[in-house]
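The structure file coords_23.pdb is reproduced below (PDB, C-alpha atoms, pLDDT in the B column).
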ATOM      1  CA  GLY A 295     -39.407 -93.771 -50.451  1.00 43.00           C
ATOM      2  CA  TYR A 296     -41.794 -96.502 -51.621  1.00 45.00           C
ATOM      3  CA  PRO A 297     -40.801 -99.192 -54.176  1.00 49.00           C
ATOM      4  CA  LYS A 298     -42.900 -98.628 -57.315  1.00 50.00           C
ATOM      5  CA  ASP A 299     -43.574-102.320 -57.829  1.00 54.00           C
ATOM      6  CA  THR A 300     -45.268-102.708 -54.438  1.00 50.00           C
ATOM      7  CA  THR A 301     -47.381 -99.553 -54.236  1.00 53.00           C
ATOM      8  CA  ASP A 302     -49.703 -97.473 -56.331  1.00 55.00           C
ATOM      9  CA  ILE A 303     -47.785 -94.277 -55.543  1.00 55.00           C
ATOM     10  CA  LEU A 304     -46.298 -92.723 -58.650  1.00 55.00           C
ATOM     11  CA  ALA A 305     -42.560 -92.152 -58.799  1.00 58.00           C
ATOM     12  CA  PRO A 306     -40.268 -90.228 -58.841  1.00 62.00           C
ATOM     13  CA  TYR A 307     -40.600 -89.364 -55.216  1.00 70.00           C
ATOM     14  CA  THR A 308     -40.269 -85.763 -54.062  1.00 77.00           C
ATOM     15  CA  TYR A 309     -38.652 -84.880 -50.743  1.00 82.00           C
ATOM     16  CA  TYR A 310     -39.462 -81.777 -48.730  1.00 83.00           C
ATOM     17  CA  ILE A 311     -36.467 -80.712 -46.607  1.00 87.00           C
ATOM     18  CA  TYR A 312     -36.683 -77.905 -44.034  1.00 85.00           C
ATOM     19  CA  GLY A 313     -35.116 -76.778 -40.789  1.00 87.00           C
ATOM     20  CA  GLU A 314     -32.653 -74.356 -39.228  1.00 86.00           C
ATOM     21  CA  ILE A 315     -28.902 -74.556 -39.632  1.00 84.00           C
ATOM     22  CA  ILE A 316     -28.551 -73.098 -36.113  1.00 84.00           C
ATOM     23  CA  SER A 317     -31.407 -74.469 -34.037  1.00 83.00           C
ATOM     24  CA  GLY A 318     -33.596 -71.695 -32.669  1.00 82.00           C
ATOM     25  CA  ASP A 319     -32.216 -69.010 -35.023  1.00 83.00           C
ATOM     26  CA  SER A 320     -34.891 -68.156 -37.595  1.00 81.00           C
ATOM     27  CA  GLN A 321     -32.329 -66.286 -39.692  1.00 81.00           C
ATOM     28  CA  THR A 322     -30.791 -69.650 -40.613  1.00 82.00           C
ATOM     29  CA  ALA A 323     -34.109 -71.287 -41.564  1.00 84.00           C
ATOM     30  CA  PHE A 324     -34.444 -72.901 -45.007  1.00 83.00           C
ATOM     31  CA  GLU A 325     -36.810 -75.187 -46.926  1.00 84.00           C
ATOM     32  CA  ARG A 326     -36.513 -76.978 -50.253  1.00 83.00           C
ATOM     33  CA  SER A 327     -38.275 -79.595 -52.387  1.00 81.00           C
ATOM     34  CA  THR A 328     -36.148 -81.981 -54.429  1.00 81.00           C
ATOM     35  CA  THR A 329     -36.220 -85.330 -56.214  1.00 77.00           C
ATOM     36  CA  LEU A 330     -32.568 -85.927 -55.424  1.00 77.00           C
ATOM     37  CA  GLN A 331     -31.554 -88.240 -52.654  1.00 76.00           C
ATOM     38  CA  THR A 332     -28.396 -86.226 -51.925  1.00 81.00           C
ATOM     39  CA  VAL A 333     -28.809 -82.476 -51.517  1.00 81.00           C
ATOM     40  CA  THR A 334     -26.165 -79.846 -50.806  1.00 82.00           C
ATOM     41  CA  ILE A 335     -27.217 -76.790 -48.794  1.00 78.00           C
ATOM     42  CA  ASP A 336     -25.083 -73.725 -49.460  1.00 74.00           C
ATOM     43  CA  LEU A 337     -24.631 -71.692 -46.294  1.00 69.00           C
ATOM     44  CA  ASP A 338     -24.260 -68.478 -48.326  1.00 68.00           C
ATOM     45  CA  ASP A 339     -27.865 -68.925 -49.480  1.00 66.00           C
ATOM     46  CA  ILE A 340     -29.064 -68.889 -45.883  1.00 67.00           C
ATOM     47  CA  ARG A 341     -27.151 -66.169 -44.136  1.00 61.00           C
ATOM     48  CA  PRO A 342     -23.967 -64.427 -45.330  1.00 57.00           C
ATOM     49  CA  LYS A 343     -20.796 -65.065 -43.330  1.00 66.00           C
ATOM     50  CA  LEU A 344     -22.237 -68.119 -41.540  1.00 71.00           C
ATOM     51  CA  THR A 345     -19.327 -70.454 -40.826  1.00 71.00           C
ATOM     52  CA  GLY A 346     -18.827 -73.951 -39.544  1.00 69.00           C
ATOM     53  CA  LEU A 347     -17.599 -72.427 -36.277  1.00 72.00           C
ATOM     54  CA  ASP A 348     -20.962 -70.670 -35.864  1.00 75.00           C
ATOM     55  CA  ILE A 349     -22.706 -74.026 -36.181  1.00 74.00           C
ATOM     56  CA  ALA A 350     -20.281 -75.859 -33.896  1.00 71.00           C
ATOM     57  CA  THR A 351     -20.618 -73.339 -31.065  1.00 74.00           C
ATOM     58  CA  ASN A 352     -24.419 -73.035 -31.244  1.00 75.00           C
ATOM     59  CA  GLY A 353     -25.604 -76.661 -31.118  1.00 70.00           C
ATOM     60  CA  ASN A 354     -26.528 -79.164 -33.803  1.00 76.00           C
ATOM     61  CA  PRO A 355     -28.583 -78.124 -36.828  1.00 84.00           C
ATOM     62  CA  GLU A 356     -32.260 -79.125 -36.742  1.00 87.00           C
ATOM     63  CA  ILE A 357     -33.107 -80.530 -40.197  1.00 88.00           C
ATOM     64  CA  TYR A 358     -36.237 -82.533 -41.092  1.00 88.00           C
ATOM     65  CA  ILE A 359     -37.305 -84.430 -44.224  1.00 87.00           C
ATOM     66  CA  VAL A 360     -40.784 -85.475 -45.417  1.00 85.00           C
ATOM     67  CA  THR A 361     -41.617 -87.550 -48.506  1.00 80.00           C
ATOM     68  CA  GLU A 362     -44.093 -85.920 -50.897  1.00 72.00           C
ATOM     69  CA  PHE A 363     -46.037 -87.990 -53.418  1.00 61.00           C
ATOM     70  CA  ASN A 364     -48.708 -87.847 -56.101  1.00 56.00           C
ATOM     71  CA  LEU A 365     -51.889 -89.848 -55.766  1.00 53.00           C
ATOM     72  CA  HIS A 366     -53.167 -91.553 -58.953  1.00 51.00           C
ATOM     73  CA  GLY A 367     -51.529 -89.006 -61.237  1.00 53.00           C
ATOM     74  CA  THR A 368     -53.227 -86.022 -59.654  1.00 53.00           C
ATOM     75  CA  ASP A 369     -51.478 -82.775 -58.897  1.00 55.00           C
ATOM     76  CA  ARG A 370     -49.214 -82.857 -55.927  1.00 55.00           C
ATOM     77  CA  CYS A 371     -51.298 -82.946 -52.793  1.00 59.00           C
ATOM     78  CA  CYS A 372     -49.548 -81.720 -49.683  1.00 68.00           C
ATOM     79  CA  ASP A 373     -50.134 -79.523 -46.648  1.00 70.00           C
ATOM     80  CA  TYR A 374     -46.821 -78.098 -45.497  1.00 70.00           C
ATOM     81  CA  ASP A 375     -48.126 -77.086 -42.089  1.00 74.00           C
ATOM     82  CA  LYS A 376     -49.357 -80.622 -41.413  1.00 75.00           C
ATOM     83  CA  MET A 377     -46.189 -82.094 -42.831  1.00 75.00           C
ATOM     84  CA  LYS A 378     -44.227 -80.104 -40.234  1.00 78.00           C
ATOM     85  CA  GLY A 379     -46.510 -81.258 -37.432  1.00 78.00           C
ATOM     86  CA  ALA A 380     -45.713 -83.951 -34.896  1.00 74.00           C
ATOM     87  CA  ASN A 381     -47.634 -86.640 -36.853  1.00 73.00           C
ATOM     88  CA  GLY A 382     -46.797 -85.435 -40.342  1.00 69.00           C
ATOM     89  CA  GLY A 383     -44.322 -88.144 -41.126  1.00 77.00           C
ATOM     90  CA  LYS A 384     -41.302 -85.895 -40.720  1.00 84.00           C
ATOM     91  CA  VAL A 385     -37.958 -87.405 -39.834  1.00 87.00           C
ATOM     92  CA  LEU A 386     -35.184 -85.606 -37.913  1.00 88.00           C
ATOM     93  CA  CYS A 387     -31.921 -85.988 -39.777  1.00 86.00           C
ATOM     94  CA  ALA A 388     -28.869 -87.300 -37.989  1.00 85.00           C
ATOM     95  CA  ILE A 389     -25.795 -85.067 -38.094  1.00 80.00           C
ATOM     96  CA  THR A 390     -22.321 -86.325 -38.948  1.00 79.00           C
ATOM     97  CA  THR A 391     -19.308 -84.058 -39.381  1.00 73.00           C
ATOM     98  CA  SER A 392     -16.626 -84.760 -41.945  1.00 72.00           C
ATOM     99  CA  ASP A 393     -12.945 -83.975 -41.367  1.00 68.00           C
ATOM    100  CA  PRO A 394     -13.423 -81.863 -38.232  1.00 67.00           C
ATOM    101  CA  THR A 395     -10.785 -79.286 -37.403  1.00 64.00           C
ATOM    102  CA  THR A 396      -7.961 -80.683 -35.314  1.00 65.00           C
ATOM    103  CA  SER A 397      -7.142 -79.325 -31.895  1.00 62.00           C
ATOM    104  CA  PRO A 398      -4.855 -76.328 -31.844  1.00 59.00           C
ATOM    105  CA  THR A 399      -1.190 -76.849 -31.060  1.00 57.00           C
ATOM    106  CA  LYS A 400      -0.393 -76.883 -27.352  1.00 59.00           C
ATOM    107  CA  ASP A 401       2.544 -74.476 -27.525  1.00 60.00           C
ATOM    108  CA  PRO A 402       2.445 -71.233 -29.453  1.00 60.00           C
ATOM    109  CA  THR A 403       5.136 -70.549 -31.963  1.00 62.00           C
ATOM    110  CA  SER A 404       8.345 -69.192 -30.471  1.00 63.00           C
ATOM    111  CA  ASP A 405       8.349 -66.035 -32.585  1.00 65.00           C
ATOM    112  CA  PRO A 406       5.498 -63.643 -31.858  1.00 62.00           C
ATOM    113  CA  THR A 407       3.624 -61.859 -34.594  1.00 63.00           C
ATOM    114  CA  ALA A 408       5.525 -58.865 -35.889  1.00 63.00           C
ATOM    115  CA  ASP A 409       4.595 -55.403 -34.648  1.00 62.00           C
ATOM    116  CA  PRO A 410       2.254 -53.268 -36.711  1.00 61.00           C
ATOM    117  CA  THR A 411       3.699 -50.667 -39.013  1.00 60.00           C
ATOM    118  CA  ARG A 412       6.122 -48.451 -37.181  1.00 61.00           C
ATOM    119  CA  ASP A 413       5.015 -45.108 -38.546  1.00 64.00           C
ATOM    120  CA  PRO A 414       1.329 -44.155 -38.730  1.00 62.00           C
ATOM    121  CA  THR A 415       0.161 -42.805 -42.047  1.00 64.00           C
ATOM    122  CA  THR A 416      -1.114 -39.564 -40.532  1.00 68.00           C
ATOM    123  CA  ASP A 417      -0.334 -37.494 -37.459  1.00 69.00           C
ATOM    124  CA  PRO A 418      -2.671 -38.229 -34.549  1.00 68.00           C
ATOM    125  CA  THR A 419      -5.314 -35.663 -33.686  1.00 69.00           C
ATOM    126  CA  GLN A 420      -4.116 -33.259 -31.005  1.00 73.00           C
ATOM    127  CA  ARG A 421      -6.155 -32.712 -27.876  1.00 78.00           C
ATOM    128  CA  PRO A 422      -8.335 -29.576 -27.994  1.00 84.00           C
ATOM    129  CA  THR A 423      -6.942 -26.501 -26.251  1.00 88.00           C
ATOM    130  CA  TYR A 424      -8.620 -23.560 -24.546  1.00 91.00           C
ATOM    131  CA  ALA A 425      -8.264 -19.976 -25.726  1.00 91.00           C
ATOM    132  CA  GLU A 426      -5.865 -17.800 -23.719  1.00 92.00           C
ATOM    133  CA  PRO A 427      -7.309 -15.105 -21.414  1.00 92.00           C
ATOM    134  CA  THR A 428      -5.298 -11.922 -20.817  1.00 93.00           C
ATOM    135  CA  LEU A 429      -4.932  -9.354 -18.045  1.00 92.00           C
ATOM    136  CA  THR A 430      -5.236  -5.934 -19.722  1.00 92.00           C
ATOM    137  CA  SER A 431      -4.896  -3.500 -16.790  1.00 92.00           C
ATOM    138  CA  CYS A 432      -4.206  -3.346 -13.059  1.00 93.00           C
ATOM    139  CA  HIS A 433      -4.474  -0.390 -10.655  1.00 93.00           C
ATOM    140  CA  ILE A 434      -3.994  -0.096  -6.863  1.00 91.00           C
ATOM    141  CA  ASP A 435      -5.748   2.490  -4.652  1.00 91.00           C
ATOM    142  CA  ILE A 436      -3.911   2.981  -1.371  1.00 87.00           C
ATOM    143  CA  PRO A 437      -5.667   4.968   1.358  1.00 82.00           C
ATOM    144  CA  GLY A 438      -3.778   6.730   4.120  1.00 71.00           C
ATOM    145  CA  ILE A 439      -1.344   4.540   6.004  1.00 63.00           C
ATOM    146  CA  TYR A 440      -2.609   3.700   9.464  1.00 61.00           C
ATOM    147  CA  GLU A 441      -1.589   1.312  12.167  1.00 58.00           C
ATOM    148  CA  ILE A 442      -4.245  -1.420  11.823  1.00 59.00           C
ATOM    149  CA  ALA A 443      -3.967  -4.773  13.570  1.00 57.00           C
ATOM    150  CA  ASP A 444      -5.539  -6.795  10.728  1.00 64.00           C
ATOM    151  CA  GLY A 445      -3.407  -5.174   8.056  1.00 75.00           C
ATOM    152  CA  GLN A 446      -3.744  -2.119   5.876  1.00 82.00           C
ATOM    153  CA  PRO A 447      -6.532  -2.386   3.232  1.00 86.00           C
ATOM    154  CA  ILE A 448      -5.727  -1.636  -0.401  1.00 88.00           C
ATOM    155  CA  PHE A 449      -8.098  -1.792  -3.372  1.00 90.00           C
ATOM    156  CA  VAL A 450      -7.127  -3.695  -6.520  1.00 91.00           C
ATOM    157  CA  THR A 451      -8.920  -2.790  -9.738  1.00 91.00           C
ATOM    158  CA  TYR A 452      -8.295  -4.920 -12.832  1.00 91.00           C
ATOM    159  CA  ALA A 453      -9.602  -5.659 -16.329  1.00 91.00           C
ATOM    160  CA  VAL A 454      -9.393  -8.986 -18.140  1.00 92.00           C
ATOM    161  CA  ASN A 455     -10.189 -10.291 -21.628  1.00 92.00           C
ATOM    162  CA  ILE A 456     -11.660 -13.811 -21.400  1.00 91.00           C
ATOM    163  CA  PRO A 457     -12.709 -15.414 -24.756  1.00 91.00           C
ATOM    164  CA  ASN A 458     -15.842 -17.561 -24.853  1.00 89.00           C
ATOM    165  CA  ASP A 459     -13.761 -20.680 -25.473  1.00 90.00           C
ATOM    166  CA  ALA A 460     -11.328 -20.032 -22.625  1.00 91.00           C
ATOM    167  CA  ALA A 461     -11.071 -22.435 -19.689  1.00 90.00           C
ATOM    168  CA  PRO A 462     -13.494 -21.790 -16.835  1.00 89.00           C
ATOM    169  CA  GLN A 463     -12.467 -19.934 -13.653  1.00 88.00           C
ATOM    170  CA  PRO A 464      -9.116 -18.314 -14.418  1.00 91.00           C
ATOM    171  CA  THR A 465      -7.519 -16.514 -11.456  1.00 91.00           C
ATOM    172  CA  ILE A 466      -5.298 -13.462 -10.923  1.00 91.00           C
ATOM    173  CA  GLN A 467      -2.067 -13.700  -8.937  1.00 91.00           C
ATOM    174  CA  PHE A 468      -1.357 -10.332  -7.295  1.00 92.00           C
ATOM    175  CA  TRP A 469       2.038  -9.449  -5.898  1.00 91.00           C
ATOM    176  CA  ALA A 470       3.130  -6.653  -3.535  1.00 90.00           C
ATOM    177  CA  ASP A 471       6.880  -6.802  -2.982  1.00 85.00           C
ATOM    178  CA  SER A 472       7.437 -10.546  -2.235  1.00 84.00           C
ATOM    179  CA  ILE A 473       3.916 -11.258  -0.944  1.00 86.00           C
ATOM    180  CA  SER A 474       1.372 -12.866  -3.317  1.00 87.00           C
ATOM    181  CA  ARG A 475      -2.382 -13.388  -3.212  1.00 87.00           C
ATOM    182  CA  ASP A 476      -4.649 -15.385  -5.542  1.00 88.00           C
ATOM    183  CA  LEU A 477      -7.750 -13.428  -6.572  1.00 85.00           C
ATOM    184  CA  ILE A 478     -10.975 -14.948  -7.912  1.00 86.00           C
ATOM    185  CA  ILE A 479     -12.105 -12.935 -10.909  1.00 87.00           C
ATOM    186  CA  ASN A 480     -15.512 -11.321 -10.380  1.00 84.00           C
ATOM    187  CA  ASP A 481     -17.865  -9.200 -12.458  1.00 81.00           C
ATOM    188  CA  GLN A 482     -16.983  -5.996 -10.580  1.00 83.00           C
ATOM    189  CA  GLY A 483     -13.279  -6.177 -11.437  1.00 87.00           C
ATOM    190  CA  ARG A 484     -12.367  -4.919  -7.966  1.00 88.00           C
ATOM    191  CA  MET A 485     -11.027  -6.631  -4.836  1.00 87.00           C
ATOM    192  CA  THR A 486      -9.948  -5.528  -1.356  1.00 87.00           C
ATOM    193  CA  LEU A 487      -6.767  -6.926   0.167  1.00 86.00           C
ATOM    194  CA  ASN A 488      -5.282  -6.484   3.628  1.00 86.00           C
ATOM    195  CA  LEU A 489      -1.496  -6.290   3.726  1.00 87.00           C
ATOM    196  CA  ASP A 490       1.007  -5.359   6.377  1.00 85.00           C
ATOM    197  CA  GLN A 491       1.918  -1.689   6.372  1.00 84.00           C
ATOM    198  CA  SER A 492       5.590  -2.522   5.895  1.00 85.00           C
ATOM    199  CA  VAL A 493       4.808  -4.569   2.760  1.00 88.00           C
ATOM    200  CA  ILE A 494       2.791  -1.732   1.248  1.00 88.00           C
ATOM    201  CA  GLU A 495       5.465   0.859   2.010  1.00 87.00           C
ATOM    202  CA  LYS A 496       8.170  -1.365   0.504  1.00 89.00           C
ATOM    203  CA  ALA A 497       6.090  -1.973  -2.654  1.00 89.00           C
ATOM    204  CA  ILE A 498       5.495   1.785  -3.014  1.00 89.00           C
ATOM    205  CA  LEU A 499       9.199   2.554  -2.720  1.00 89.00           C
ATOM    206  CA  ASP A 500      10.209  -0.256  -5.124  1.00 89.00           C
ATOM    207  CA  ASN A 501       7.197   0.145  -7.462  1.00 90.00           C
ATOM    208  CA  SER A 502       6.733  -3.619  -7.109  1.00 89.00           C
ATOM    209  CA  PHE A 503       2.942  -3.983  -7.416  1.00 93.00           C
ATOM    210  CA  LYS A 504       2.306  -6.488 -10.222  1.00 93.00           C
ATOM    211  CA  ALA A 505      -0.184  -9.165 -11.319  1.00 93.00           C
ATOM    212  CA  ARG A 506      -0.615 -11.995 -13.825  1.00 94.00           C
ATOM    213  CA  ILE A 507      -3.449 -14.269 -14.942  1.00 94.00           C
ATOM    214  CA  ALA A 508      -3.396 -18.067 -14.405  1.00 94.00           C
ATOM    215  CA  TYR A 509      -5.457 -20.436 -16.573  1.00 93.00           C
ATOM    216  CA  GLN A 510      -5.758 -23.959 -17.978  1.00 92.00           C
ATOM    217  CA  THR A 511      -4.572 -24.620 -21.534  1.00 91.00           C
ATOM    218  CA  TYR A 512      -6.572 -27.856 -21.913  1.00 89.00           C
ATOM    219  CA  TYR A 513      -9.007 -29.885 -19.809  1.00 88.00           C
ATOM    220  CA  GLY A 514      -7.361 -31.257 -16.695  1.00 87.00           C
ATOM    221  CA  SER A 515      -4.051 -29.443 -17.236  1.00 89.00           C
ATOM    222  CA  ALA A 516      -2.081 -27.623 -14.555  1.00 90.00           C
ATOM    223  CA  ARG A 517      -2.544 -23.857 -14.603  1.00 90.00           C
ATOM    224  CA  THR A 518      -0.344 -21.824 -16.898  1.00 92.00           C
ATOM    225  CA  ASN A 519       0.831 -18.395 -15.703  1.00 92.00           C
ATOM    226  CA  GLY A 520       0.666 -15.442 -18.041  1.00 92.00           C
ATOM    227  CA  ASP A 521       3.237 -12.637 -18.153  1.00 92.00           C
ATOM    228  CA  PHE A 522       3.467 -10.226 -15.237  1.00 92.00           C
ATOM    229  CA  LYS A 523       1.842  -6.833 -15.706  1.00 92.00           C
ATOM    230  CA  SER A 524       2.975  -3.909 -13.583  1.00 92.00           C
ATOM    231  CA  CYS A 525       0.181  -2.269 -11.565  1.00 92.00           C
ATOM    232  CA  ASP A 526       0.141   1.504 -11.237  1.00 92.00           C
ATOM    233  CA  PHE A 527      -1.018   2.953  -7.924  1.00 90.00           C
ATOM    234  CA  THR A 528      -2.286   6.116  -6.259  1.00 89.00           C
ATOM    235  CA  THR A 529      -2.090   7.077  -2.587  1.00 85.00           C
ATOM    236  CA  ASN A 530      -4.581   9.045  -0.517  1.00 77.00           C
ATOM    237  CA  ALA A 531      -3.288  11.993   1.603  1.00 60.00           C
ATOM    238  CA  PRO A 532       0.384  11.381   0.865  1.00 58.00           C
ATOM    239  CA  THR A 533       3.131  12.960   2.966  1.00 57.00           C
ATOM    240  CA  PRO A 534       3.457  16.663   2.018  1.00 58.00           C
ATOM    241  CA  ALA A 535       6.487  17.873   0.100  1.00 59.00           C
ATOM    242  CA  PRO A 536       9.517  18.860   2.205  1.00 59.00           C
ATOM    243  CA  THR A 537      10.089  22.506   3.246  1.00 58.00           C
ATOM    244  CA  GLY A 538      11.491  24.911   0.721  1.00 60.00           C
ATOM    245  CA  ASP A 539      15.086  25.826   0.112  1.00 63.00           C
ATOM    246  CA  PRO A 540      17.251  26.400   3.151  1.00 62.00           C
ATOM    247  CA  THR A 541      18.020  30.017   4.083  1.00 60.00           C
ATOM    248  CA  SER A 542      20.839  31.600   2.142  1.00 62.00           C
ATOM    249  CA  ASP A 543      22.543  32.982   5.190  1.00 62.00           C
ATOM    250  CA  PRO A 544      24.027  30.477   7.526  1.00 61.00           C
ATOM    251  CA  THR A 545      23.692  30.961  11.202  1.00 63.00           C
ATOM    252  CA  SER A 546      26.210  33.343  12.752  1.00 64.00           C
ATOM    253  CA  ASP A 547      29.401  32.134  14.230  1.00 65.00           C
ATOM    254  CA  PRO A 548      29.406  31.346  17.874  1.00 65.00           C
ATOM    255  CA  THR A 549      30.678  33.963  20.201  1.00 66.00           C
ATOM    256  CA  LYS A 550      34.335  34.442  19.954  1.00 68.00           C
ATOM    257  CA  ASP A 551      34.882  34.625  23.604  1.00 69.00           C
ATOM    258  CA  PRO A 552      33.295  31.974  25.596  1.00 65.00           C
ATOM    259  CA  THR A 553      32.074  32.825  29.001  1.00 62.00           C
TER     260      THR A 553
END
Would it be possible to restate this file's structure as structure tokens?
Amino acid sequence: GYPKDTTDILAPYTYYIYGEIISGDSQTAFERSTTLQTVTIDLDDIRPKLTGLDIATNGNPEIYIVTEFNLHGTDRCCDYDKMKGANGGKVLCAITTSDPTTSPTKDPTSDPTADPTRDPTTDPTQRPTYAEPTLTSCHIDIPGIYEIADGQPIFVTYAVNIPNDAAPQPTIQFWADSISRDLIINDQGRMTLNLDQSVIEKAILDNSFKARIAYQTYYGSARTNGDFKSCDFTTNAPTPAPTGDPTSDPTSDPTKDPT
């Protein structure tokens, strides 16, 4: 300021203080006029939750001060833009910290922080599951048995119930005796399989044609197998029934006297 006894500038002197608490961050900018020579700036008035650590890790504050004054008792005469300019008489304030935080201890404490609560307050959300598809029917058409090098063809007809929220691409596992085949479900509900004649004949005798559906229960899971469903079957041109009852009279005895 200027001593009153040596100048014609009227006291008390007014100081214009402005700057940024974090240099380059306009959110921390502030400005204030005061007649006090010691001014406290409350960080909460500038930006909530601003801490000393924020200031320490982002460079020194940039705070300036300019002296305002009245000329010959007139109203205050000042141009803030000029006062902030390079030749406006502003002074950059020096920064001194008081009671800085000491360095952290070199060794952590021997006992670690206790675990969080052992039991959660609520059960965790379960992973979403797919709806279960079902195999509703299975039928085998067997044409006449022939000696074919590539195997005897049979025709598998099936029906399935697949909900909209079932897993994509379920399959059907078809069994004839101890031989199995995986079938890709199609819109026609009919597939042709080639099996050895001996396998087909054994499955007919044992009534061992069966099938089950395989599907995922949740995304990425292994396939789950449904229950087996027995497949009925029909044959084409089956072997005719055996001859009728044997004759009532047995053949005559051989001649009594051999030649």
* To do: Might you pull out every residue within 12 Å of A:Ile389, with only C-alpha atoms counted and same-chain residues fewer than 4 positions away left off, and present them as a PyMOL selection string?
  => chain A and resi 315+349-350+353-358
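For the structure in this document, the set picked by the PyMOL selection byres ((chain A and resi 451) around 6) is Cys432, His433, Val450, Tyr452, Gly483 and Arg484 of chain A.
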Those selected residues, please, written with C-alpha atoms and delivered as a PDB file, keeping the file's coordinate frame.
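Result file follows (result_16.pdb):
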ATOM      1  CA  CYS A 432      -4.206  -3.346 -13.059  1.00 93.00           C
ATOM      2  CA  HIS A 433      -4.474  -0.390 -10.655  1.00 93.00           C
ATOM      3  CA  VAL A 450      -7.127  -3.695  -6.520  1.00 91.00           C
ATOM      4  CA  TYR A 452      -8.295  -4.920 -12.832  1.00 91.00           C
ATOM      5  CA  GLY A 483     -13.279  -6.177 -11.437  1.00 87.00           C
ATOM      6  CA  ARG A 484     -12.367  -4.919  -7.966  1.00 88.00           C
TER       7      ARG A 484
END
* Just give me the gap between atom CA of A:Asp435 and atom CA of A:Thr465 in Å, one decimal is fine. => 20.3 Å
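Distances to A:Gln420 were evaluated for A:Ile478, A:Ser502, A:Pro437, A:Tyr512 using all atoms listed in the file, and the minimum falls at A:Tyr512.
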* Quick one: which residues end up in the PyMOL selection byres ((chain A and resi 490) around 6) for this structure, as an MDAnalysis selection string? -> chainID A and resid 445:446 489 491:493
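For the set A:Ile448, A:Ala425, A:Ala388, A:Ala380, the residue with the smallest atom-to-atom gap to A:Thr528 is A:Ile448, counting all atoms listed in the file.
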